[in-house]
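Colleague: Have a peek at protein_31.pdb (PDB, C-alpha atoms).
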MODEL        1
ATOM      1  CA  MET K   1    -211.964 103.737-182.810
ATOM      2  CA  ALA K   2    -210.196 100.822-184.545
ATOM      3  CA  GLY K   3    -207.436 100.854-181.888
ATOM      4  CA  PHE K   4    -210.060 100.616-179.164
ATOM      5  CA  GLN K   5    -211.704  97.664-180.936
ATOM      6  CA  ASP K   6    -208.315  95.935-181.278
ATOM      7  CA  GLU K   7    -207.592  96.436-177.604
ATOM      8  CA  ALA K   8    -211.057  95.216-176.641
ATOM      9  CA  GLY K   9    -210.338  91.923-178.438
ATOM     10  CA  ALA K  10    -207.058  91.565-176.594
ATOM     11  CA  PHE K  11    -208.699  92.225-173.227
ATOM     12  CA  ARG K  12    -211.515  89.768-173.997
ATOM     13  CA  ALA K  13    -208.839  87.179-174.782
ATOM     14  CA  LEU K  14    -207.063  87.957-171.486
ATOM     15  CA  ALA K  15    -210.285  87.548-169.491
ATOM     16  CA  ASP K  16    -209.970  83.757-169.398
ATOM     17  CA  PRO K  17    -207.427  82.145-167.039
ATOM     18  CA  THR K  18    -206.712  79.302-169.488
ATOM     19  CA  ARG K  19    -205.781  81.791-172.199
ATOM     20  CA  ARG K  20    -203.594  83.749-169.785
ATOM     21  CA  GLN K  21    -201.818  80.507-168.861
ATOM     22  CA  ILE K  22    -201.284  79.685-172.550
ATOM     23  CA  LEU K  23    -199.661  83.096-173.011
ATOM     24  CA  GLU K  24    -197.423  82.459-170.006
ATOM     25  CA  ASP K  25    -196.459  79.053-171.389
ATOM     26  CA  LEU K  26    -195.564  80.622-174.735
ATOM     27  CA  ARG K  27    -193.208  83.040-172.994
ATOM     28  CA  GLY K  28    -190.521  80.383-173.261
ATOM     29  CA  GLY K  29    -190.916  80.113-177.031
ATOM     30  CA  GLU K  30    -192.876  78.344-179.716
ATOM     31  CA  LEU K  31    -195.045  75.369-178.704
ATOM     32  CA  ALA K  32    -197.037  72.826-180.689
ATOM     33  CA  ALA K  33    -200.798  72.788-180.189
ATOM     34  CA  GLY K  34    -200.629  69.248-178.797
ATOM     35  CA  GLU K  35    -197.989  70.248-176.276
ATOM     36  CA  ILE K  36    -200.117  73.183-175.154
ATOM     37  CA  ALA K  37    -203.183  70.942-174.845
ATOM     38  CA  SER K  38    -201.264  68.383-172.758
ATOM     39  CA  ARG K  39    -200.698  71.019-170.069
ATOM     40  CA  PHE K  40    -204.410  71.435-169.315
ATOM     41  CA  PRO K  41    -207.121  69.150-167.902
ATOM     42  CA  ILE K  42    -209.565  70.129-170.678
ATOM     43  CA  SER K  43    -210.157  68.692-174.134
ATOM     44  CA  ALA K  44    -207.957  69.418-177.138
ATOM     45  CA  PRO K  45    -210.903  71.009-179.008
ATOM     46  CA  SER K  46    -211.399  73.422-176.080
ATOM     47  CA  ILE K  47    -207.711  74.377-176.195
ATOM     48  CA  SER K  48    -208.053  74.837-179.944
ATOM     49  CA  ARG K  49    -210.905  77.297-179.366
ATOM     50  CA  HIS K  50    -208.801  79.183-176.809
ATOM     51  CA  LEU K  51    -205.910  79.340-179.279
ATOM     52  CA  GLY K  52    -208.326  80.651-181.918
ATOM     53  CA  VAL K  53    -209.415  83.470-179.616
ATOM     54  CA  LEU K  54    -205.785  84.369-178.885
ATOM     55  CA  LYS K  55    -204.955  84.296-182.585
ATOM     56  CA  SER K  56    -207.980  86.456-183.478
ATOM     57  CA  ALA K  57    -206.877  88.978-180.851
ATOM     58  CA  GLY K  58    -203.407  89.058-182.426
ATOM     59  CA  LEU K  59    -201.747  87.781-179.256
ATOM     60  CA  VAL K  60    -200.354  84.610-180.858
ATOM     61  CA  THR K  61    -199.315  83.560-184.338
ATOM     62  CA  GLU K  62    -199.360  80.084-185.791
ATOM     63  CA  ARG K  63    -197.353  78.262-188.405
ATOM     64  CA  ARG K  64    -197.566  74.783-189.814
ATOM     65  CA  ASP K  65    -194.699  72.337-189.601
ATOM     66  CA  GLY K  66    -195.837  69.177-191.338
ATOM     67  CA  ASN K  67    -198.936  68.032-189.494
ATOM     68  CA  ARG K  68    -198.192  70.144-186.407
ATOM     69  CA  ILE K  69    -199.380  73.668-185.709
ATOM     70  CA  LEU K  70    -196.867  75.748-183.764
ATOM     71  CA  TYR K  71    -197.868  78.803-181.764
ATOM     72  CA  THR K  72    -195.769  81.808-180.795
ATOM     73  CA  LEU K  73    -196.501  84.676-178.424
ATOM     74  CA  VAL K  74    -196.764  88.141-180.000
ATOM     75  CA  ALA K  75    -195.339  89.880-176.946
ATOM     76  CA  ASP K  76    -195.183  93.352-178.469
ATOM     77  CA  ARG K  77    -198.903  93.206-179.287
ATOM     78  CA  LEU K  78    -199.737  92.335-175.701
ATOM     79  CA  ALA K  79    -197.430  95.039-174.350
ATOM     80  CA  THR K  80    -198.865  97.634-176.739
ATOM     81  CA  CYS K  81    -202.490  96.903-175.810
ATOM     82  CA  VAL K  82    -201.886  96.865-172.080
ATOM     83  CA  GLY K  83    -199.539  99.856-172.248
ATOM     84  CA  ARG K  84    -201.976 101.944-174.271
ATOM     85  CA  PHE K  85    -204.760 101.136-171.828
ATOM     86  CA  LEU K  86    -202.610 101.974-168.799
ATOM     87  CA  SER K  87    -201.379 105.226-170.319
ATOM     88  CA  THR K  88    -204.999 106.268-170.789
ATOM     89  CA  VAL K  89    -206.273 105.176-167.389
ATOM     90  CA  CYS K  90    -203.133 105.786-165.297
ATOM     91  CA  PRO K  91    -200.899 108.244-167.169
ATOM     92  CA  GLU K  92    -198.787 108.749-164.050
ATOM     93  CA  GLN K  93    -197.643 105.115-164.349
ATOM     94  CA  ILE K  94    -195.563 106.020-167.387
ATOM     95  CA  VAL K  95    -193.927 108.848-165.450
ATOM     96  CA  LEU K  96    -193.300 106.561-162.469
ATOM     97  CA  ARG K  97    -191.781 103.852-164.645
ATOM     98  CA  HIS K  98    -189.423 106.323-166.324
ATOM     99  CA  SER K  99    -188.476 107.998-163.049
ATOM    100  CA  ARG K 100    -187.715 104.653-161.362
ATOM    101  CA  ARG K 101    -185.505 103.303-164.134
ATOM    102  CA  PRO K 102    -182.483 105.589-163.494
ATOM    103  CA  ALA K 103    -182.593 104.782-159.768
ATOM    104  CA  ALA K 104    -182.521 101.047-160.518
ATOM    105  CA  GLU K 105    -179.626 101.549-162.938
ATOM    106  CA  ASN K 106    -177.711 103.519-160.302
ATOM    107  CA  GLU K 107    -178.141 100.663-157.808
ATOM    108  CA  GLU K 108    -176.605  98.207-160.280
ATOM    109  CA  SER K 109    -173.488 100.383-160.708
TER     110      SER K 109
ENDMDL
END
Go ahead and express the file in the form of structure tokens.
Modeller:
Amino acid sequence: MAGFQDEAGAFRALADPTRRQILEDLRGGELAAGEIASRFPISAPSISRHLGVLKSAGLVTERRDGNRILYTLVADRLATCVGRFLSTVCPEQIVLRHSRRPAAENEES
């Protein structure tokens, strides 16, 4: 049941478009909280709350660098939660993904 609870937190975090955009922005690497906040038309405290939700869900990590807080995407956590959910709901997707991969590799050759 703990895995389900963990995944539920991740999906709650993904429910908000601002948080999804933050995750997309972090795809390129670590960003300072101020830099993240400057990308949105909402207040810095609101972005801070969104970052807190993402951190609580284990989707981002933070580290301090002087007076800045830097955030990093935890991509494997996101992939694990979504993958586990999909394998439960759509187990054929795993089969399809594995069966498509060799075909794509053959096309590249």
Colleague: When you draw a straight line from atom CA of Ala32 of chain K to atom CA of Arg68 of chain K, how long is it in Å?
Modeller: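 A separation of 6.4 Å between them.
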Colleague: Do you know which residues the PyMOL selection byres ((chain K and resi 6-16) around 12) returns on this file, as number ranges by chain?
Modeller: K: 1-5, 17-24, 47, 49-60, 74-75, 77-86
Colleague: If you measure from atom CA of Ser46 of chain K to atom CA of Asp25 of chain K, what distance in Å do you get, rounded to one decimal?
Modeller: 16.6 Å
Colleague: Which is closest to Glu35 of chain K among K:Cys90, K:Tyr71, K:Thr61, K:Gly66, if we use all atoms listed in the file?
Modeller: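 That would be K:Tyr71, the residue with the smallest distance to Glu35 of chain K.
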Colleague: Grab all the atoms of segment 40-51 of chain K that the file lists, wrap them in a box along x, y and z, add 6 Å per side, and give me centre plus edge lengths in Å (one decimal) as JSON.
Modeller:
{"center_x": -207.9, "center_y": 74.0, "center_z": -173.9, "size_x": 19.0, "size_y": 22.6, "size_z": 24.0}
Colleague: So how far away is atom CA of Leu73 of chain K from atom CA of Ser87 of chain K, in Å?
Modeller: 22.6 Å
Colleague: Using all atoms listed in the file, pick whichever of K:Arg63, K:Ile69, K:Gly28, K:Asp76 has the shortest atom-to-atom distance to Ser48 of chain K.
Modeller: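 Selected residue with least distance to Ser48 of chain K: K:Ile69.
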